[in-house]
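Chemist: One structure, as structure tokens, below. Some questions next.
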Amino acid sequence: MAVEFDLERRDTLLVYFFTTIGINASLKDLAAGGKPLVILLAITIAYMFAQNLTGISVAALFDLPAAVGVLGGTISLIGGHGTSIAWAPRIADEYGISNAMEIGIASATFGLILASLMGGPIAKFLIARNNLQPEQIEPQDVGQSDAERAEGNKGRIGYLDFLDAVLAVHVCVIFGFNLNEWAEEFGLKLPLFVTCLFAGIILTNLVPKNLPRASGMAWPSRTPAMALIAEISLGCFLAMSLMSLQLWTLIDLAAPIFTILAAQCAIAIMINIFVVFPSMGRTYDAAVVCAGFGGISLGSTPTAMANMAAVTKRYGASNLAFIVVPLVCAFFIDLANAFLIPFFLQNF
């Protein structure tokens, strides 16, 4: 008996989630995120070189072509399932690797699992070792903190609060959809959730807060209702993604894939602790960014966000991290990867 999942609505949940992140973004956060954004982007691009070189080196130990190492590098790990599916047919045709699709999907799948397990413990280690805490108390971007949950009904959300937040999300999604179409007209193809993130940022920061709205309520930026929508959207997206994985189909590729992933995981942890954390300032925000980088390095954008959400619920909000990390991993990485993949395939 075969069980299949219709994942069409899953991607809608991802759009909802990133729209809430955009709505919660303030100009102050964006201004503060300028330098950290550039630093994290530079580290990530350098790490992408290291990731492909690691994959190629380990593949050589199994007498496998360099293309297999790239499949176990930025194609599947930084790139994820989408990039693996896009590149596998070309690699199969041009480099004679008939099971390129299976290798890419397997690496992306196990990388996703490792990324989910790695980010939180790294942040916990850094926070405990350096005795870190948030510099100021900020509203949560995703869900409620452990302290808020312990307080019970103190922060209850009324149905009008929730419906108003849903209305604001849909207004931004409509704007983001049109923004996506405009970008395509200029030859720039972006994922819909990226343009919806930008739409949320634009409307939150350009529309006056006292502008009369049909609901009669203030714009719901950083409200408990918006945090609830973010938590539900992200949680359901990840649950649907993990439930659809068919791990039993990957057993024949276990030895080389596990070896490549073990090496990639070790390097990602070292880069996180010894490069990302010091470069980002050794602050609480830097520790949360490290949780997100754990998701970027081996998993996907949603994994990075889930890692950071888990950390901030326990230790406190980090609005800066929720701005910097998605901009790096949801926008700039794909552009860099589009140049790096052909470079490594042609030169190694």
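Identifiers in the structure tokens: chain A, B, ... in order shown; residue index from 1 per chain; ligand index from 1 in order shown.
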Which residues are close to Ile23 of chain A, i.e. within 8 Å by only C-alpha atoms, leaving aside same-chain residues fewer than 3 positions away? Reply as an MDAnalysis selection string.
Modeler: chainID A and resid 19:20 169 197 200:201 203:204 220:222
Chemist: Pull C-alpha atoms from the residues just selected and write them as a short mmCIF file (atom, residue, chain, number, x, y, z; two decimals), in the first residue's frame.
Modeler:
```cif
data_model
loop_
_atom_site.label_atom_id
_atom_site.label_comp_id
_atom_site.auth_asym_id
_atom_site.auth_seq_id
_atom_site.Cartn_x
_atom_site.Cartn_y
_atom_site.Cartn_z
CA THR A 19 4.93 37.29 5.70
CA THR A 20 4.56 37.43 9.49
CA VAL A 169 -1.15 38.83 6.45
CA LEU A 197 8.62 38.92 3.26
CA GLY A 200 5.47 42.76 4.96
CA ILE A 201 8.56 44.86 5.63
CA LEU A 203 3.86 47.87 4.54
CA THR A 204 4.91 47.72 8.19
CA PRO A 220 -0.74 44.04 14.22
CA SER A 221 3.05 44.14 14.13
CA ARG A 222 4.68 42.06 16.92
#
```
Chemist: Using only C-alpha atoms, pick whichever of A:Met217, A:Ile333, A:Ala286, A:Leu71 has the shortest atom-to-atom distance to Thr54 of chain A.
Modeler: A:Leu71
Chemist: Find the distance between atom CA of Ala168 of chain A and atom CA of Cys236 of chain A and write it in Å to one decimal.
Modeler: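 Separating atom CA of Ala168 of chain A from atom CA of Cys236 of chain A is a distance of 20.3 Å.
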Chemist: Might you pull out every residue within 10 Å of Ala268 of chain A, with only C-alpha atoms counted and same-chain residues fewer than 6 positions away left off, and present them as a ChimeraX atom specification?
Modeler: /A:47,50-51,115,118,262,293-298
Chemist: Put those residues in a file: N, CA and C atoms, as a PDB file, in the first residue's frame.
Modeler:
```pdb
ATOM      1  N   TYR A  47      31.753  29.591   3.416  1.00  0.00           N
ATOM      2  CA  TYR A  47      31.411  28.248   3.879  1.00  0.00           C
ATOM      3  C   TYR A  47      30.922  27.375   2.726  1.00  0.00           C
ATOM      4  N   ALA A  50      33.783  25.798   1.159  1.00  0.00           N
ATOM      5  CA  ALA A  50      34.278  24.718   2.016  1.00  0.00           C
ATOM      6  C   ALA A  50      33.364  23.497   1.948  1.00  0.00           C
ATOM      7  N   GLN A  51      32.075  23.732   1.854  1.00  0.00           N
ATOM      8  CA  GLN A  51      31.125  22.616   1.813  1.00  0.00           C
ATOM      9  C   GLN A  51      31.299  21.781   0.545  1.00  0.00           C
ATOM     10  N   ALA A 115      20.310  19.188  10.483  1.00  0.00           N
ATOM     11  CA  ALA A 115      20.177  20.623  10.745  1.00  0.00           C
ATOM     12  C   ALA A 115      19.179  20.882  11.860  1.00  0.00           C
ATOM     13  N   MET A 118      20.952  20.014  15.137  1.00  0.00           N
ATOM     14  CA  MET A 118      22.213  20.668  15.448  1.00  0.00           C
ATOM     15  C   MET A 118      22.049  22.092  15.973  1.00  0.00           C
ATOM     16  N   ALA A 262      28.552  13.290   7.709  1.00  0.00           N
ATOM     17  CA  ALA A 262      29.273  13.371   8.983  1.00  0.00           C
ATOM     18  C   ALA A 262      30.369  14.431   8.897  1.00  0.00           C
ATOM     19  N   PHE A 293      22.095  29.503  11.539  1.00  0.00           N
ATOM     20  CA  PHE A 293      23.133  29.061  10.606  1.00  0.00           C
ATOM     21  C   PHE A 293      23.225  27.540  10.586  1.00  0.00           C
ATOM     22  N   GLY A 294      22.942  26.909  11.715  1.00  0.00           N
ATOM     23  CA  GLY A 294      22.900  25.454  11.727  1.00  0.00           C
ATOM     24  C   GLY A 294      21.854  24.921  10.771  1.00  0.00           C
ATOM     25  N   GLY A 295      20.727  25.632  10.669  1.00  0.00           N
ATOM     26  CA  GLY A 295      19.693  25.250   9.710  1.00  0.00           C
ATOM     27  C   GLY A 295      20.089  25.569   8.287  1.00  0.00           C
ATOM     28  N   ILE A 296      20.747  26.707   8.082  1.00  0.00           N
ATOM     29  CA  ILE A 296      21.185  27.083   6.734  1.00  0.00           C
ATOM     30  C   ILE A 296      22.208  26.085   6.195  1.00  0.00           C
ATOM     31  N   SER A 297      23.176  25.746   7.026  1.00  0.00           N
ATOM     32  CA  SER A 297      24.345  25.009   6.557  1.00  0.00           C
ATOM     33  C   SER A 297      24.017  23.609   6.063  1.00  0.00           C
ATOM     34  N   LEU A 298      23.060  22.939   6.691  1.00  0.00           N
ATOM     35  CA  LEU A 298      22.754  21.561   6.312  1.00  0.00           C
ATOM     36  C   LEU A 298      21.295  21.357   5.908  1.00  0.00           C
TER      37      LEU A 298
END
```
Chemist: Identify, on the basis of only C-alpha atoms, every residue whose closest approach to Leu53 of chain A does not exceed 12 Å; exclude the query and any residue fewer than 5 positions from it along the same chain; express the result as a ChimeraX atom specification.
Modeler: /A:46-48,58-60,66-74,260,263-264,267,340-341,343-345,347-348
Chemist: So which residues touch Pro89 of chain A within 12 Å, counting only C-alpha atoms, skipping near sequence neighbours fewer than 6 positions away, as a list in words?
Modeler: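 Final neighbour list, sorted by chain and number: Leu71, Thr83, Tyr95, Gly96, Ile97, Ser98, Asn99, Ala100, Met101, Glu102, Ile103 and Gly104 of chain A.
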Chemist: Given only C-alpha atoms as the basis, pick out the residue of A:Gly55, A:Pro302, A:Gly158, A:Pro121 nearest to Gly235 of chain A.
Modeler: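 Closest to Gly235 of chain A of all the choices is A:Pro302.
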Chemist: Could you list, as a list in words, every residue within 10 Å of Asp334 of chain A, counting only C-alpha atoms and ignoring same-chain residues fewer than 2 positions away?
Modeler: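 The residues satisfying every condition are Thr74, Ile78, Gly79, Thr83, Leu190, Val328, Cys329, Ala330, Phe331, Phe332, Ala336, Asn337, Ala338, Phe339 and Leu340 of chain A.
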Chemist: Determine, counting only C-alpha atoms, which protein, DNA and RNA residues have an atom within 10 Å of an atom of Pro36 of chain A; residues of the same chain fewer than 4 positions away are not included. Present the result as a short mmCIF file (atom, residue, chain, number, x, y, z; two decimals) with C-alpha atoms, in the first residue's frame.
Modeler:
```cif
data_model
loop_
_atom_site.label_atom_id
_atom_site.label_comp_id
_atom_site.auth_asym_id
_atom_site.auth_seq_id
_atom_site.Cartn_x
_atom_site.Cartn_y
_atom_site.Cartn_z
CA ALA A 31 19.28 49.36 10.13
CA ALA A 32 20.87 47.33 12.90
CA LEU A 40 26.90 36.57 7.77
CA LEU A 41 26.61 36.66 3.98
CA ALA A 42 30.40 36.74 3.56
CA SER A 279 32.18 37.44 13.91
CA MET A 280 28.61 38.31 14.90
CA GLY A 281 29.75 39.87 18.18
CA ALA A 286 24.87 36.03 17.73
CA VAL A 289 22.01 33.49 14.56
CA LEU A 320 17.58 40.99 14.71
CA ALA A 321 18.27 37.30 14.06
CA VAL A 324 19.27 38.80 9.13
CA VAL A 325 19.07 35.01 8.74
#
```
Chemist: If you measure from atom CA of Trp182 of chain A to atom CA of Trp219 of chain A, what distance in Å do you get, rounded to one decimal?
Modeler: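 Between atom CA of Trp182 of chain A and atom CA of Trp219 of chain A the gap is 25.6 Å.
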Chemist: When distances are computed from only C-alpha atoms, which of A:Thr259, A:Ser300, A:Asn180, A:Asn307 shows the smallest separation from Gly80 of chain A?
Modeler: A:Ser300
Chemist: Could you please determine the separation between atom CA of Asn272 of chain A and atom CA of Ala227 of chain A in Å, to one decimal place?
Modeler: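 Taking atom CA of Asn272 of chain A as the start and atom CA of Ala227 of chain A as the end point, the length is 27.3 Å.
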Chemist: Based on the backbone DSSP call, show me all residues of segment 128-321 of chain A assigned alpha helix (DSSP H), as a PyMOL selection string.
Modeler: chain A and resi 128-130+146-150+159-185+192-206+224-243+254-271+277-279+284-298+301-315+319-321
Chemist: Atoms to include: C-alpha atoms. Write the selected residues as a tab-separated table (two decimals), in the first residue's frame.
Modeler:
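Contents of again.tsv, as written:
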```
chain	number	residue	atom	x	y	z
A	128	ALA	CA	25.45	28.75	28.72
A	129	ARG	CA	29.20	29.01	28.14
A	130	ASN	CA	29.14	32.80	27.74
A	146	ASP	CA	8.29	29.49	28.08
A	147	ALA	CA	7.72	32.25	30.65
A	148	GLU	CA	4.60	33.46	28.84
A	149	ARG	CA	3.22	29.94	28.66
A	150	ALA	CA	3.81	29.51	32.38
A	159	TYR	CA	-10.82	36.37	18.11
A	160	LEU	CA	-10.77	39.93	16.70
A	161	ASP	CA	-7.02	40.12	17.36
A	162	PHE	CA	-6.53	36.89	15.44
A	163	LEU	CA	-8.78	37.83	12.52
A	164	ASP	CA	-7.15	41.24	12.21
A	165	ALA	CA	-3.72	39.61	12.06
A	166	VAL	CA	-4.99	37.22	9.35
A	167	LEU	CA	-6.31	40.21	7.39
A	168	ALA	CA	-2.95	41.98	7.60
A	169	VAL	CA	-1.15	38.83	6.45
A	170	HIS	CA	-3.41	38.47	3.42
A	171	VAL	CA	-3.02	42.13	2.47
A	172	CYS	CA	0.76	41.65	2.48
A	173	VAL	CA	0.51	38.38	0.53
A	174	ILE	CA	-1.52	40.11	-2.20
A	175	PHE	CA	1.10	42.87	-2.37
A	176	GLY	CA	3.89	40.26	-2.34
A	177	PHE	CA	2.24	38.30	-5.15
A	178	ASN	CA	2.14	41.39	-7.35
A	179	LEU	CA	5.71	42.23	-6.35
A	180	ASN	CA	6.74	38.73	-7.46
A	181	GLU	CA	5.12	39.23	-10.87
A	182	TRP	CA	6.84	42.61	-11.30
A	183	ALA	CA	10.19	41.03	-10.45
A	184	GLU	CA	9.65	38.33	-13.08
A	185	GLU	CA	8.97	40.98	-15.71
A	192	LEU	CA	6.97	33.83	-3.54
A	193	PHE	CA	7.78	33.78	0.17
A	194	VAL	CA	10.72	36.14	-0.41
A	195	THR	CA	8.60	38.83	-2.07
A	196	CYS	CA	5.91	38.40	0.61
A	197	LEU	CA	8.62	38.92	3.26
A	198	PHE	CA	9.60	42.16	1.51
A	199	ALA	CA	5.92	43.15	1.22
A	200	GLY	CA	5.47	42.76	4.96
A	201	ILE	CA	8.56	44.86	5.63
A	202	ILE	CA	7.42	47.59	3.24
A	203	LEU	CA	3.86	47.87	4.54
A	204	THR	CA	4.91	47.72	8.19
A	205	ASN	CA	7.45	50.51	7.85
A	206	LEU	CA	5.85	52.78	5.25
A	224	PRO	CA	0.67	37.72	20.19
A	225	ALA	CA	-1.83	36.97	17.40
A	226	MET	CA	0.84	37.44	14.72
A	227	ALA	CA	3.26	35.26	16.71
A	228	LEU	CA	0.59	32.55	16.92
A	229	ILE	CA	0.06	32.57	13.14
A	230	ALA	CA	3.82	32.31	12.65
A	231	GLU	CA	4.08	29.34	15.04
A	232	ILE	CA	1.17	27.44	13.48
A	233	SER	CA	2.39	28.05	9.92
A	234	LEU	CA	5.98	27.02	10.59
A	235	GLY	CA	5.06	24.02	12.73
A	236	CYS	CA	2.58	22.63	10.19
A	237	PHE	CA	4.99	23.23	7.30
A	238	LEU	CA	7.75	21.25	8.99
A	239	ALA	CA	5.41	18.46	10.07
A	240	MET	CA	4.07	18.04	6.53
A	241	SER	CA	7.59	18.08	5.09
A	242	LEU	CA	8.95	15.45	7.47
A	243	MET	CA	5.90	13.19	7.15
A	254	ALA	CA	23.91	4.92	3.11
A	255	ALA	CA	27.72	4.54	3.38
A	256	PRO	CA	28.95	7.39	1.12
A	257	ILE	CA	26.09	9.70	2.06
A	258	PHE	CA	26.54	9.22	5.81
A	259	THR	CA	30.29	9.76	5.51
A	260	ILE	CA	29.85	12.96	3.52
A	261	LEU	CA	27.18	14.22	5.91
A	262	ALA	CA	29.27	13.37	8.98
A	263	ALA	CA	32.15	15.44	7.60
A	264	GLN	CA	29.79	18.26	6.59
A	265	CYS	CA	28.18	18.29	10.04
A	266	ALA	CA	31.53	18.46	11.82
A	267	ILE	CA	32.70	21.37	9.67
A	268	ALA	CA	29.38	23.19	10.09
A	269	ILE	CA	29.64	22.94	13.89
A	270	MET	CA	33.21	24.27	13.89
A	271	ILE	CA	32.33	27.15	11.55
A	277	PHE	CA	29.65	33.43	16.76
A	278	PRO	CA	32.79	35.59	17.18
A	279	SER	CA	32.18	37.44	13.91
A	284	TYR	CA	22.83	36.68	22.58
A	285	ASP	CA	21.70	37.66	19.06
A	286	ALA	CA	24.87	36.03	17.73
A	287	ALA	CA	23.99	32.77	19.51
A	288	VAL	CA	20.50	32.80	17.99
A	289	VAL	CA	22.01	33.49	14.56
A	290	CYS	CA	24.21	30.41	15.11
A	291	ALA	CA	21.09	28.33	15.65
A	292	GLY	CA	19.81	29.67	12.34
A	293	PHE	CA	23.13	29.06	10.61
A	294	GLY	CA	22.90	25.45	11.73
A	295	GLY	CA	19.69	25.25	9.71
A	296	ILE	CA	21.19	27.08	6.73
A	297	SER	CA	24.34	25.01	6.56
A	298	LEU	CA	22.75	21.56	6.31
A	301	THR	CA	15.32	28.22	5.41
A	302	PRO	CA	12.35	26.83	7.40
A	303	THR	CA	14.73	24.64	9.43
A	304	ALA	CA	16.83	27.69	10.27
A	305	MET	CA	13.73	29.57	11.40
A	306	ALA	CA	12.49	26.61	13.45
A	307	ASN	CA	15.88	26.34	15.20
A	308	MET	CA	15.80	30.03	16.11
A	309	ALA	CA	12.16	29.84	17.21
A	310	ALA	CA	12.99	26.99	19.61
A	311	VAL	CA	15.88	28.97	21.11
A	312	THR	CA	14.01	32.26	21.48
A	313	LYS	CA	11.00	30.61	23.11
A	314	ARG	CA	13.30	29.36	25.85
A	315	TYR	CA	15.77	32.23	26.28
A	319	ASN	CA	14.22	40.23	16.34
A	320	LEU	CA	17.58	40.99	14.71
A	321	ALA	CA	18.27	37.30	14.06
```
